[in-house]
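For reference, the structure is listed below as structure tokens.
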Amino acid sequence: MNTKGRPPVDALRTAMERGDTGCLTIHMPGRGSAQLILMEGEIRAAQTPRDGAAILSCLQARGFLDQNAETALGSVLAEDGWMSRLAGRVPEAVTQGVIYDCFCQVLLDSLFASADARFEAQSSVRPVHIQVGHDSRALVDSLARVHESTRSWRENPDGQVVCQTGTAPEDEAHLRLWSACADAPLLADILTTSAWFEGRVLVQLLDLVSAGLVIVEPAPPISAFADHDVRDRGLGRGTFQSDMRDRVELMRELGAPSLRTDGPRLDDAELARKVSVANEVLRSMVRALDRSPADAMGQGLMQLVLQSAPVHLRPLFEGVQVEADGRLDEAAITHNLRSRLPSEQRHLLQQGLCDLLDRALRRCMESLPETRSDDLLERVVGYQRRLGR
């Protein structure tokens, strides 16, 4: 299907509404192409030929890889299974965070560009860097808001300065950006030297402007004798440290589900249905991981995934054990939920189960050979839709 003449984001939304599986290729004049991989209407990857170099730059800037000795990795970062080359040198959470940042940046750069888009339906897809920890529709909507709200900033970053106007924010990520504005730098300098991908910086800057902690205003005239640097706004270049919390914050800011204290209450029937869906998916994963009935690899891996839940979701899984076939103890989960405020229960269960299944599927994709991982994807695809909201 050729969608020439239509904004790429419209073509993407059409494919998502139809529940299509395939590849949306976006050709951006002078900037190359991006490929968006869809599986049953959900965005599972967004990639360009430049991603490997951007990911490598980020990992090197964080000090996990030697600048010279690891340069050869740039040629293999687009290949399936490349993460095994980083095992023992880069924490998995850091690598996954950089990949997710790159995923969001490719979407932001390509969806709203003046470009031609062509969708090719496929019976199955196998993304190199599969992304499952997001609500695709909410993410696209949030990126659209970011794109529109920051249009004037991005069109002329060299002509605007960012100035502090309020007290220091408490949030660590926002505090870093606020502190960088102490000397009223050019927006271009902020984007160039920041520890983050451009999209993340723009989201945080919007937050600070909304809170009245910074303002963005036209830059004063520049002396004719001032030095002018032509900077490469490469994604993620700079020296900084990060952890999995950084990725979680970006997911929250770009529209991923977060715990709230409002909304409809969770009844027993819905609780049982959601846990049943999760158990069905986990059982499929354990069967795919276990080569024989006596093999307990699947159970052990799922238990590790459960125990490594983010801090704010751990109350849901306290004391919960994964059974030999992969099932979770519904009674234990029910007990944990009912000890929370009624207004919190639905969101804790929804986010907890989605996070668990997303991380479990990612571990399966890393552990299984291609044929078995493809079979598993076919069996579990669509679990987010079955879980509901």
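Chain labels A, B, ... are given in the sequence in which chains occur in the structure tokens; within each chain residues are numbered consecutively from 1, and ligands are likewise numbered from 1 in the order shown.
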With a distance cut-off of 10 Å and only C-alpha atoms, select the neighbouring residues of A:Arg154, excluding the residue or stretch itself and same-chain residues fewer than 4 positions from it, and output the selection as an NGL selection string.
:A and (147 or 149-150 or 158 or 160 or 187-188 or 191 or 198 or 202)
File dump, residues just selected, C-alpha atoms, as a PDB file, in the first residue's frame:
ATOM      1  CA  HIS A 147       6.261  17.530  18.166  1.00  0.00           C
ATOM      2  CA  SER A 149       4.592  21.920  21.297  1.00  0.00           C
ATOM      3  CA  THR A 150       8.303  22.109  20.432  1.00  0.00           C
ATOM      4  CA  ASP A 158      20.459  28.476  17.677  1.00  0.00           C
ATOM      5  CA  GLN A 160      16.785  30.801  21.504  1.00  0.00           C
ATOM      6  CA  LEU A 187      18.844  25.773  23.218  1.00  0.00           C
ATOM      7  CA  ALA A 188      21.178  24.352  20.574  1.00  0.00           C
ATOM      8  CA  LEU A 191      20.492  19.704  22.847  1.00  0.00           C
ATOM      9  CA  GLU A 198      16.784  15.087  21.878  1.00  0.00           C
ATOM     10  CA  LEU A 202      12.358  18.364  24.823  1.00  0.00           C
TER      11      LEU A 202
END
Shell around A:Gly159 at 9 Å using only C-alpha atoms, local window under 6 positions removed, as a PyMOL selection string:
chain A and resi 153+186-188+217-220
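Atom pair atom CA of A:Val380 / atom CA of A:Met285 has a distance of 8.4 Å (rounded to one decimal).
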Give me the stretch 130-158 of chain A side of the contact with stretch 109-117 of chain A, cut-off 10 Å, one line per residue showing its nearest atom pair and distance in Å at one decimal, counting only C-alpha atoms, sorted by chain and residue number, as CSV.
residue,atom,partner,partner_atom,distance
A:Val140,CA,A:Leu111,CA,8.7
A:Leu143,CA,A:Leu111,CA,9.0
A:Ala144,CA,A:Phe112,CA,7.8
A:His147,CA,A:Phe112,CA,7.6
A:Glu148,CA,A:Phe112,CA,9.3
Restricted to N, CA and C atoms, what would the selected residues look like written as an mmCIF file, in the first residue's frame?
data_model
loop_
_atom_site.group_PDB
_atom_site.id
_atom_site.type_symbol
_atom_site.label_atom_id
_atom_site.label_comp_id
_atom_site.auth_asym_id
_atom_site.auth_seq_id
_atom_site.Cartn_x
_atom_site.Cartn_y
_atom_site.Cartn_z
ATOM 1 N N VAL A 140 2.139 7.300 20.355
ATOM 2 C CA VAL A 140 2.063 8.138 19.154
ATOM 3 C C VAL A 140 1.371 9.455 19.464
ATOM 4 N N LEU A 143 3.814 11.652 21.391
ATOM 5 C CA LEU A 143 4.858 12.177 20.509
ATOM 6 C C LEU A 143 4.317 13.291 19.629
ATOM 7 N N ALA A 144 3.064 13.164 19.192
ATOM 8 C CA ALA A 144 2.454 14.220 18.378
ATOM 9 C C ALA A 144 2.360 15.517 19.178
ATOM 10 N N HIS A 147 5.855 16.957 19.458
ATOM 11 C CA HIS A 147 6.261 17.530 18.166
ATOM 12 C C HIS A 147 5.639 18.904 17.966
ATOM 13 N N GLU A 148 4.339 19.017 18.221
ATOM 14 C CA GLU A 148 3.647 20.282 17.991
ATOM 15 C C GLU A 148 4.085 21.347 18.996
#
From the list A:Arg118, A:Arg346, A:Arg363, A:Arg137, the nearest residue to A:Ala288 using only C-alpha atoms is A:Arg363
What residues in stretch 108-173 of chain A get the DSSP label strand (DSSP E)? Please answer as a VMD selection string.
chain A and resid 116 to 121 160 to 164
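Interatomic distance, atom CA of A:His27 against atom CA of A:Ala45: 16.4 Å.
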Neighbouring residues of A:Gln307 were defined as those with any atom within 9 Å, considering only C-alpha atoms; residues of the same chain fewer than 6 positions away were excluded. Please report them as a PDB file with C-alpha atoms, in the first residue's frame.
ATOM      1  CA  ARG A 314       6.854  -5.149  43.713  1.00  0.00           C
ATOM      2  CA  PHE A 317       4.243  -9.822  43.589  1.00  0.00           C
ATOM      3  CA  GLU A 318       5.304  -9.997  47.235  1.00  0.00           C
TER       4      GLU A 318
END
Neighbouring residues of stretch 133-136 of chain A were defined as those with any atom within 7 Å, considering only C-alpha atoms; residues of the same chain fewer than 2 positions away were excluded. Please report them as a CSV table (one decimal) with N, CA and C atoms, in the first residue's frame.
chain,number,residue,atom,x,y,z
A,42,GLU,N,0.4,-3.1,16.7
A,42,GLU,CA,1.2,-2.5,17.7
A,42,GLU,C,2.6,-2.3,17.1
A,43,ILE,N,3.2,-1.2,17.5
A,43,ILE,CA,4.6,-0.8,17.0
A,43,ILE,C,5.6,-1.6,17.8
A,131,GLN,N,10.2,-4.0,20.9
A,131,GLN,CA,9.7,-3.1,22.0
A,131,GLN,C,8.3,-3.5,22.3
A,138,ALA,N,-1.1,5.4,22.6
A,138,ALA,CA,-0.8,6.5,23.6
A,138,ALA,C,0.6,7.1,23.3
A,139,LEU,N,1.5,6.3,22.9
A,139,LEU,CA,2.9,6.8,22.6
A,139,LEU,C,2.8,7.7,21.4
A,140,VAL,N,2.1,7.3,20.4
A,140,VAL,CA,2.1,8.1,19.2
A,140,VAL,C,1.4,9.5,19.5
A,256,ALA,N,3.4,6.2,28.5
A,256,ALA,CA,3.2,4.8,29.0
A,256,ALA,C,2.4,4.8,30.2
A,355,ASP,N,4.0,-5.2,32.7
A,355,ASP,CA,5.5,-5.1,32.9
A,355,ASP,C,6.1,-6.5,33.0
A,358,ASP,N,6.0,-8.2,29.5
A,358,ASP,CA,6.9,-7.5,28.6
A,358,ASP,C,8.3,-7.9,28.8
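Nearest to A:Arg386 of all the residues A:Leu361, A:Val320, A:Val277, A:Leu208 is A:Val277, based on only C-alpha atoms.
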From the list A:Gly319, A:Arg50, A:Gly19, A:Asp183, the nearest residue to A:Gly32 using only C-alpha atoms is A:Arg50
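For the residues A:Pro157, A:Pro342, A:Gly97, A:Gly212, ranking by smallest atom-to-atom distance to A:Phe197 using only C-alpha atoms places A:Gly97 first.
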Nearby residues (only C-alpha atoms) at most 10 Å from A:Val106, same-chain spacing under 3 positions excluded, as a VMD selection string:
chain A and resid 34 to 36 45 to 48 50 to 51 100 to 103 109 to 111 199
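Straight-line separation from atom CA of A:Glu378 to atom CA of A:Val275: 20.3 Å.
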DSSP says alpha helix (DSSP H) for which residues of stretch 57-189 of chain A? Put them as JSON, numbers by chain?
{"A": [57, 58, 59, 60, 61, 92, 93, 94, 95, 96, 97, 98, 99, 100, 101, 102, 103, 104, 105, 106, 107, 108, 109, 110, 111, 136, 137, 138, 139, 140, 141, 142, 143, 144, 145, 146, 147, 148, 149, 151, 152, 153, 154, 155, 172, 173, 174, 175, 176, 177, 178, 179, 180, 187, 188, 189]}
Using only C-alpha atoms, which residues sit within 8 Å of A:Thr165 once same-chain residues fewer than 2 positions away are excluded, as a PyMOL selection string?
chain A and resi 163+167+212-215
